[in-house]
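Peer 1: So that we are looking at the same thing, I have put the structure below in structure tokens.
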Amino acid sequence: MRVVVVTRSTPDTAAKVQVGADGKVSWGDAQMVINPWDEYSVTEAVILKENQGVQTAIVAVGPEVHNDSLKQGLAIGMEEAFRVWDDSMEGQDSLGYSAAVAGAIQKIGDVGLLIMGKELVDTVSDAHIFQIGRKLGWPVLGSVFKIVEIDFNARTIKVERLVEEGKQIVSSTLPAVISVLKDINEPRYPNFIGIRKASKAVIPVWSSADLGLGDSASGKAAGVRVTGYRNLPARTGSVEIIDGATVQEKAEKLVAKLVEEKLI
Amino acid sequence: MSGVLVWIDQFKGRALPISWEAIAAGRSLAERLGGPLSAVVFGQGIDAVAAEAFQYGADRVIKSDDATLADFRLEPYAALLDKVIAGENPSVVIAGASTRGRELVAASAADAGAPLLDDVTEIVVDGSTYRAVHPVYAGKVLSDVSAATDDLHFVTARNRAFTAPEPQPARSGEVIRVTPVLSEDQIATKVVRFEETGRGTVNLSDARIIVSGGRGVGGPDGFAPIRDLAVALGGAVGASRVAVDNGWIPYAHQVGQTGKTVSPDLYIAVGISGSVQHQAGMRTSKVIVAVNKDAEAPIVKLARYAVIGDLFTLLPALTGAVKARLGK
């Protein structure tokens with residue numbers, strides 16, 4: 001039985017991302033890295049491989065730049081990597097992306113658990129996680145910070161989820177989709193041997209046709225289009241340093257400002 | 001096709017404030033698209049939530065009160081929402097982008113094969129087009145997104161991006177009862193138990209005021225004066241990644257790229273230098289106050305007000321000044 005992780009390459013989290021005069025998003029010479037939340041999903045899959053004897057695979061949907069994140073996954077200990085893409089998928093929306101992932105999961109076969117990072121930091125969305133689950137017809141347990149029990153033979157899982165009000169302990173059947181938070185593990189990073197092995201990996205690329213997706217994953221079928229990007233409105237005004245002879249005076253001055261602005 | 005459905009997120013019979021913000025977003029769409037605004041309330045023991053939905057502007061309430069719906073679970077909730085949508089044939093289904101709202105609306109959109117305008121901070125109807133704004137790249141830039149209004153669409157509205165209507169206590173209306181689609185034995189997910197954390201504290205995403213601590217706080221005990229100030233202000237406690245990674249405070253409090261994205265009226269950053277990743281989670285706050293010993297810290301440049309000095313003497317003084325002002 002397999003555990004699959006879906007990832008993608010995103011600009012380094014420390015990158016200064018900006019929209020240029022040409023309307024395109026750029027991040028200078030910052031590196032592309034594995035979607036930060038996926039450090040946790042990959043690590044969790046590798047832990048399951050070691051403890052449960054399952055096989056592991058990592059999937060990305062997108063052009064060649066996403067091989068970087070797949071290779072990072074391989075270097076950390078994932079066993080197989082697959083990339084899904086053809087030019088028709090350019091401009092796909094979350095439904096199209098989810099159709100592509102669900103198609104890949106079905107082609108890989110014998111998948112017991114799909115682990116997703118909590119969200120994609122480039123699109124700032126987690127919708128695909130739940131949409132993939134619905135397309136596969138599997139239960140989805142989001143915001144998991146601990147796998148309490150998992151039994152691939154009995155096909156059961158019990159997890160702890162973080163919701164607004166606290167901690168929910170939930171059980172479900174497998175196969176299932178889970179999304180994981182950073183509390184779930186201490187992420188592992190590639191070592192030298194892992195990187196060398198991954199650098200030699202040849203990653204198969206599957207097209208819509210290979211997965212029998214019709215135009216369901218295409219940009220043409222997208223109901224939502226991104227028409228442009230903008231920089232955040234600049235924060236107006238400069239900072240006012242609250243000064244005072246004593247701590248007490250500083251505190252009272254600041255509180256007076258906040259009252260004036262009707263903030264408290 | 002007509003009308004707007006707004007799914008109301010509630011927990012144990014209490015609605016989340018984001019649900020009323022979603023009604024505000026839904027109302028502006030209903031005015032352009034026509035048809036009633038119907039609040040959709042699922043749960044057990046939810047009469048008070050239904051009554052409140054009218055007060056916040058719902059024309060109708062579609063309600064399902066059942067033991068299988070007592071706790072949010074995606075399978076029974078999505079199956080039931082799908083049924084309501086099929087019966088109502090609305091133009092738009094909208095929910096607040098809470099954890100549950102995002103899950104449910106994404107799932108239902110997939111079931112319907114309909115477009116989803118996810119986590120929007122603005123949405124308008126422009127002729128026959130929806131135009132919406134959604135922050136991308138960890139909130140560092142904005143994307144303009146559009147969709148045609150001709151078919152069913154799904155929307156989630158980001159926390160605190162829309163202003164909840166003033167409740168009108170006299171308002172009420174027609175309640176339509178619906179029955180669940182799935183019986184308990186058809187639901188794979190079982191809630192074993194629930195542990196409430198931080199009972200009585202304010203939810204970060206909903207908070208109007210947040211006091212956050214970072215590296216400068218120095219340890220778990222350093223969060224005590226932060227909590228005191230947050231309590232005095234009626235706000236929530238946040239934290240930077242450093243503070244969480246050091247185990248000084250649970251992850252649920254983390255603000256930033258791998259934590260929560262917040263947008264309070266007032267964000268007080270205490271001992272937080274203001275990394276790009278932290279800024280991604282809080283830079284849309286209306287007013288930022290930096291309390292830091294380093295006048296050159298990036299957070300100071302982002303802030304409207306800064307107090308430079310030792311937080312361990314400043315914070316108790318601030319808490320005292322707040323209490324004096326508020327007459328506590």
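Note on naming: chains are A, B, ... as they come in the structure tokens, residues start from 1 per chain, ligands start from 1 in the order shown.
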Find the spatial neighbours of A:Trp37, counting only C-alpha atoms, within a cut-off of 10 Å - ignore same-chain residues fewer than 4 positions away - and output them as an NGL selection string.

Peer 2: (:A and (7 or 41-42 or 116-121 or 179-182 or 187)) or (:B and (257-258))

Peer 1: Hey, what's within 9 Å of stretch 225-235 of chain B if we count only C-alpha atoms and toss same-chain stuff fewer than 6 positions away? As a count of residues only, please?

Peer 2: 25

Peer 1: If we count only C-alpha atoms, what is near B:Val6 at a cut-off of 7 Å, once residues fewer than 4 positions away on the same chain are taken out, given as an MDAnalysis selection string?

Peer 2: chainID B and resid 22:23 26 38:40 93:95

Peer 1: Of the residues B:Phe162, B:Tyr267, B:Tyr56, B:Phe194, which is the one nearest to B:Ala25, using only C-alpha atoms?

Peer 2: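 Ranked by minimum distance to B:Ala25, first place goes to B:Phe162.
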
Peer 1: Name all residues at most 10 Å from B:Ser128 (count only C-alpha atoms; drop same-chain ones fewer than 2 positions away) and give them as number ranges by chain.

Peer 2: B: 33, 125-126, 130-131, 147-150

Peer 1: Run DSSP on the backbone and give me the residues of stretch 21-227 of chain A it puts in helix (DSSP H, G or I), as number ranges by chain.

Peer 2: A: 38-52, 64-76, 87-89, 94-108, 127-136, 182-184, 192-199, 208-211

Peer 1: Grab the atom CA of B:Gly127 to atom CA of B:Val145 distance for me, in Å with one decimal place.

Peer 2: 14.8 Å

Peer 1: Per residue of chain A within 7 Å of chain B, note the shortest atom pair and the distance in Å to one decimal, counting only C-alpha atoms, and order the rows by chain and increasing residue number, as a Markdown table.

Peer 2:
| residue | atom | partner | partner_atom | distance |
| --- | --- | --- | --- | --- |
| A:Thr13 | CA | B:Gln277 | CA | 6.4 |
| A:Ala14 | CA | B:Val276 | CA | 5.8 |
| A:Val17 | CA | B:Lys140 | CA | 6.1 |
| A:Gln18 | CA | B:Val141 | CA | 6.6 |
| A:Leu95 | CA | B:Ala110 | CA | 6.5 |
| A:Val121 | CA | B:Ala138 | CA | 5.1 |
| A:Asp122 | CA | B:Tyr137 | CA | 4.0 |
| A:Thr123 | CA | B:Val136 | CA | 5.0 |
| A:Val124 | CA | B:Val136 | CA | 5.3 |
| A:Ala127 | CA | B:Ala106 | CA | 5.1 |
| A:Phe130 | CA | B:Ala107 | CA | 5.3 |
| A:Gln131 | CA | B:Ala107 | CA | 5.1 |
| A:Arg134 | CA | B:Ala107 | CA | 6.1 |
| A:Pro139 | CA | B:Glu75 | CA | 6.9 |
| A:Val163 | CA | B:Thr99 | CA | 6.7 |
| A:Glu164 | CA | B:Asn203 | CA | 6.8 |
| A:Glu165 | CA | B:Glu196 | CA | 5.9 |
| A:Gly166 | CA | B:Glu196 | CA | 4.4 |
| A:Lys167 | CA | B:Glu195 | CA | 5.0 |
| A:Gln168 | CA | B:Phe194 | CA | 4.5 |
| A:Ile169 | CA | B:Arg193 | CA | 5.3 |
| A:Val170 | CA | B:Val191 | CA | 4.4 |
| A:Ser171 | CA | B:Lys190 | CA | 5.2 |
| A:Ser172 | CA | B:Thr189 | CA | 4.4 |
| A:Thr173 | CA | B:Ala188 | CA | 5.9 |
| A:Asp183 | CA | B:Tyr251 | CA | 6.8 |
| A:Gly223 | CA | B:Pro115 | CA | 5.0 |
| A:Val224 | CA | B:Ala147 | CA | 4.9 |
| A:Arg225 | CA | B:Ser146 | CA | 5.4 |
| A:Val226 | CA | B:Val145 | CA | 4.3 |
| A:Thr227 | CA | B:Val145 | CA | 5.5 |
| A:Gly228 | CA | B:Asp144 | CA | 5.2 |
| A:Tyr229 | CA | B:Ser143 | CA | 4.4 |
| A:Arg230 | CA | B:Leu142 | CA | 5.1 |
| A:Asn231 | CA | B:Val141 | CA | 4.9 |
| A:Leu232 | CA | B:Val141 | CA | 5.5 |
| A:Ser238 | CA | B:Arg304 | CA | 6.6 |
| A:Val239 | CA | B:Arg304 | CA | 4.6 |
| A:Glu240 | CA | B:Tyr305 | CA | 4.8 |
| A:Ile241 | CA | B:Ala306 | CA | 4.8 |
| A:Ile242 | CA | B:Val307 | CA | 5.3 |
| A:Val247 | CA | B:Leu314 | CA | 5.9 |
| A:Gln248 | CA | B:Ala317 | CA | 5.7 |
| A:Ala251 | CA | B:Leu318 | CA | 4.8 |
| A:Glu252 | CA | B:Ala321 | CA | 5.6 |
| A:Val255 | CA | B:Val322 | CA | 6.3 |
| A:Leu263 | CA | B:Leu266 | CA | 6.6 |

Peer 1: Quick one, how far is atom CA of B:Ile46 from atom CA of B:Val181?

Peer 2: 18.3 Å

Peer 1: Would you please work out which residue, of A:Gly142, A:Gly53, A:Gly237, A:Gly73, is nearest to A:Ile34 when using only C-alpha atoms?

Peer 2: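 Once distances to A:Ile34 are computed over only C-alpha atoms, the minimum belongs to A:Gly73.
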
Peer 1: Measuring between only C-alpha atoms, which one of A:Ile193, A:Val84, A:Ile178, A:Val25 shows the shortest distance to A:Ile108?

Peer 2: A:Val84

Peer 1: Give me, as a PyMOL selection string, all polymer residues having an atom no more than 7 Å from stretch 205-213 of chain A, counting only C-alpha atoms and skipping those fewer than 3 positions away in the same chain.

Peer 2: chain A and resi 82-86+103-104+107+216-217

Peer 1: Rounded to one decimal, what separation in Å do you get between atom CA of B:Ser263 and atom CA of B:Ser285?

Peer 2: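 Calculated distance between atom CA of B:Ser263 and atom CA of B:Ser285 is 4.4 Å.
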
Peer 1: Kindly indicate which residue among B:Leu37, B:Val92, B:Phe42, B:Ser28 lies nearest to B:Lys12, using only C-alpha atoms for the distances.

Peer 2: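 The shortest atom-to-atom distance to B:Lys12 comes from B:Phe42.
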
Peer 1: Can you pull out every residue within 12 Å of B:Ala170, counting only C-alpha atoms, but drop anything in the same chain fewer than 5 positions away, and send it as a count of residues only?

Peer 2: 7

Peer 1: Taking 3 positions as the minimum chain separation for residues in the same chain, which residues sit within 12 Å of B:Val178 when counting only C-alpha atoms? Answer as a ChimeraX atom specification.

Peer 2: /B:40-43,61-66,80-85,87-88,175,181

Peer 1: What does the file look like for those residues with C-alpha atoms, as a PDB file, in the first residue's frame?

Peer 2:
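The resulting file, selection-v5.pdb, is reproduced below:
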ATOM      1  CA  VAL B  40     -28.054  27.702   5.911  1.00  0.00           C
ATOM      2  CA  VAL B  41     -27.609  26.364   9.446  1.00  0.00           C
ATOM      3  CA  PHE B  42     -26.621  22.763  10.196  1.00  0.00           C
ATOM      4  CA  GLY B  43     -26.050  21.311  13.638  1.00  0.00           C
ATOM      5  CA  VAL B  61     -33.242  30.195   7.132  1.00  0.00           C
ATOM      6  CA  ILE B  62     -32.716  26.689   5.851  1.00  0.00           C
ATOM      7  CA  LYS B  63     -32.102  24.544   8.878  1.00  0.00           C
ATOM      8  CA  SER B  64     -31.165  20.975   9.633  1.00  0.00           C
ATOM      9  CA  ASP B  65     -31.086  19.989  13.284  1.00  0.00           C
ATOM     10  CA  ASP B  66     -29.897  16.417  13.742  1.00  0.00           C
ATOM     11  CA  LEU B  80     -26.584  17.934   2.862  1.00  0.00           C
ATOM     12  CA  LEU B  81     -25.332  21.215   1.413  1.00  0.00           C
ATOM     13  CA  ASP B  82     -25.301  19.568  -2.028  1.00  0.00           C
ATOM     14  CA  LYS B  83     -28.954  18.590  -1.511  1.00  0.00           C
ATOM     15  CA  VAL B  84     -29.941  22.101  -0.412  1.00  0.00           C
ATOM     16  CA  ILE B  85     -28.170  23.589  -3.440  1.00  0.00           C
ATOM     17  CA  GLY B  87     -33.289  22.172  -4.312  1.00  0.00           C
ATOM     18  CA  GLU B  88     -32.662  25.923  -4.175  1.00  0.00           C
ATOM     19  CA  VAL B 175     -37.598  28.693   8.503  1.00  0.00           C
ATOM     20  CA  VAL B 181     -28.754  12.856   3.489  1.00  0.00           C
TER      21      VAL B 181
END

Peer 1: Give the strand (DSSP E) residues of stretch 91-174 of chain B, as assigned by DSSP on the backbone, as a ChimeraX atom specification.

Peer 2: /B:92-96,116-120,122-126,129-136,141-148,153-157,174

Peer 1: Emit the selected residues as a CSV table (one decimal), in the first residue's frame, including N, CA and C atoms.

Peer 2:
chain,number,residue,atom,x,y,z
B,92,VAL,N,-25.3,31.9,-6.0
B,92,VAL,CA,-24.0,31.9,-5.2
B,92,VAL,C,-24.2,31.2,-3.9
B,93,VAL,N,-23.2,30.4,-3.5
B,93,VAL,CA,-23.1,29.8,-2.2
B,93,VAL,C,-21.9,30.4,-1.5
B,94,ILE,N,-22.1,31.0,-0.4
B,94,ILE,CA,-21.0,31.7,0.2
B,94,ILE,C,-20.8,31.3,1.7
B,95,ALA,N,-19.6,31.3,2.2
B,95,ALA,CA,-19.4,31.0,3.6
B,95,ALA,C,-18.2,31.8,4.0
B,96,GLY,N,-18.0,32.1,5.3
B,96,GLY,CA,-16.8,32.7,5.8
B,96,GLY,C,-15.7,31.7,5.7
B,116,LEU,N,-15.0,28.1,-7.8
B,116,LEU,CA,-14.8,28.6,-6.4
B,116,LEU,C,-14.0,29.8,-6.4
B,117,LEU,N,-14.5,30.9,-5.9
B,117,LEU,CA,-13.7,32.1,-5.6
B,117,LEU,C,-13.4,32.0,-4.1
B,118,ASP,N,-12.1,31.6,-3.9
B,118,ASP,CA,-11.7,31.2,-2.6
B,118,ASP,C,-11.1,32.3,-1.8
B,119,ASP,N,-11.5,32.4,-0.5
B,119,ASP,CA,-10.8,33.3,0.4
B,119,ASP,C,-10.6,34.7,-0.1
B,120,VAL,N,-11.7,35.3,-0.5
B,120,VAL,CA,-11.7,36.6,-1.1
B,120,VAL,C,-11.7,37.7,-0.1
B,122,GLU,N,-12.4,41.0,-1.3
B,122,GLU,CA,-13.4,41.8,-1.9
B,122,GLU,C,-14.1,41.0,-3.0
B,123,ILE,N,-15.4,41.3,-3.2
B,123,ILE,CA,-16.1,40.7,-4.3
B,123,ILE,C,-17.2,41.6,-4.8
B,124,VAL,N,-17.3,41.8,-6.1
B,124,VAL,CA,-18.4,42.7,-6.6
B,124,VAL,C,-18.9,42.0,-7.9
B,125,VAL,N,-20.2,42.4,-8.2
B,125,VAL,CA,-20.7,42.0,-9.5
B,125,VAL,C,-20.5,43.2,-10.5
B,126,ASP,N,-19.8,42.9,-11.6
B,126,ASP,CA,-19.5,44.0,-12.5
B,126,ASP,C,-20.1,43.5,-13.9
B,129,THR,N,-20.0,39.7,-14.7
B,129,THR,CA,-18.7,39.1,-14.2
B,129,THR,C,-18.6,39.4,-12.7
B,130,TYR,N,-18.2,38.3,-12.0
B,130,TYR,CA,-17.7,38.5,-10.6
B,130,TYR,C,-16.3,39.0,-10.6
B,131,ARG,N,-16.0,40.1,-9.9
B,131,ARG,CA,-14.6,40.5,-9.7
B,131,ARG,C,-14.2,40.4,-8.3
B,132,ALA,N,-13.2,39.7,-8.0
B,132,ALA,CA,-12.8,39.5,-6.6
B,132,ALA,C,-11.3,39.7,-6.4
B,133,VAL,N,-10.9,39.8,-5.1
B,133,VAL,CA,-9.5,40.0,-4.8
B,133,VAL,C,-9.1,38.9,-3.8
B,134,HIS,N,-8.0,38.3,-4.1
B,134,HIS,CA,-7.5,37.2,-3.2
B,134,HIS,C,-6.0,37.4,-3.0
B,135,PRO,N,-5.5,37.5,-1.8
B,135,PRO,CA,-4.1,37.6,-1.5
B,135,PRO,C,-3.4,36.3,-1.9
B,136,VAL,N,-2.2,36.4,-2.6
B,136,VAL,CA,-1.4,35.2,-3.0
B,136,VAL,C,0.0,35.4,-2.6
B,141,VAL,N,1.4,39.6,-2.3
B,141,VAL,CA,0.8,40.4,-3.4
B,141,VAL,C,-0.7,40.0,-3.5
B,142,LEU,N,-1.4,40.8,-4.2
B,142,LEU,CA,-2.9,40.5,-4.4
B,142,LEU,C,-3.1,40.0,-5.8
B,143,SER,N,-4.1,39.1,-6.0
B,143,SER,CA,-4.5,38.7,-7.3
B,143,SER,C,-5.9,39.2,-7.5
B,144,ASP,N,-6.2,39.7,-8.8
B,144,ASP,CA,-7.5,40.0,-9.2
B,144,ASP,C,-8.1,38.8,-9.9
B,145,VAL,N,-9.2,38.3,-9.5
B,145,VAL,CA,-9.8,37.1,-10.1
B,145,VAL,C,-11.2,37.4,-10.6
B,146,SER,N,-11.6,36.7,-11.7
B,146,SER,CA,-12.9,37.0,-12.2
B,146,SER,C,-13.5,35.7,-12.6
B,147,ALA,N,-14.9,35.7,-12.7
B,147,ALA,CA,-15.7,34.6,-13.1
B,147,ALA,C,-17.0,35.1,-13.7
B,148,ALA,N,-17.5,34.4,-14.6
B,148,ALA,CA,-18.8,34.8,-15.2
B,148,ALA,C,-19.9,34.5,-14.3
B,153,HIS,N,-21.9,29.6,-8.5
B,153,HIS,CA,-20.5,29.9,-8.0
B,153,HIS,C,-20.5,29.7,-6.5
B,154,PHE,N,-19.3,29.4,-6.1
B,154,PHE,CA,-19.0,29.3,-4.6
B,154,PHE,C,-18.0,30.3,-4.2
B,155,VAL,N,-18.2,30.8,-3.0
B,155,VAL,CA,-17.3,31.9,-2.5
B,155,VAL,C,-17.0,31.6,-1.1
B,156,THR,N,-15.7,31.9,-0.7
B,156,THR,CA,-15.4,32.0,0.8
B,156,THR,C,-14.9,33.4,1.0
B,157,ALA,N,-15.3,34.0,2.1
B,157,ALA,CA,-15.0,35.4,2.4
B,157,ALA,C,-14.0,35.4,3.6
B,174,GLU,N,-39.1,33.1,7.5
B,174,GLU,CA,-39.5,31.8,7.3
B,174,GLU,C,-38.3,30.8,7.5

Peer 1: In terms of the shortest atom-to-atom distance over only C-alpha atoms, which of A:Ala21, A:Ala99, A:Ala176, A:Val61 is closest to A:Ala81?

Peer 2: A:Val61
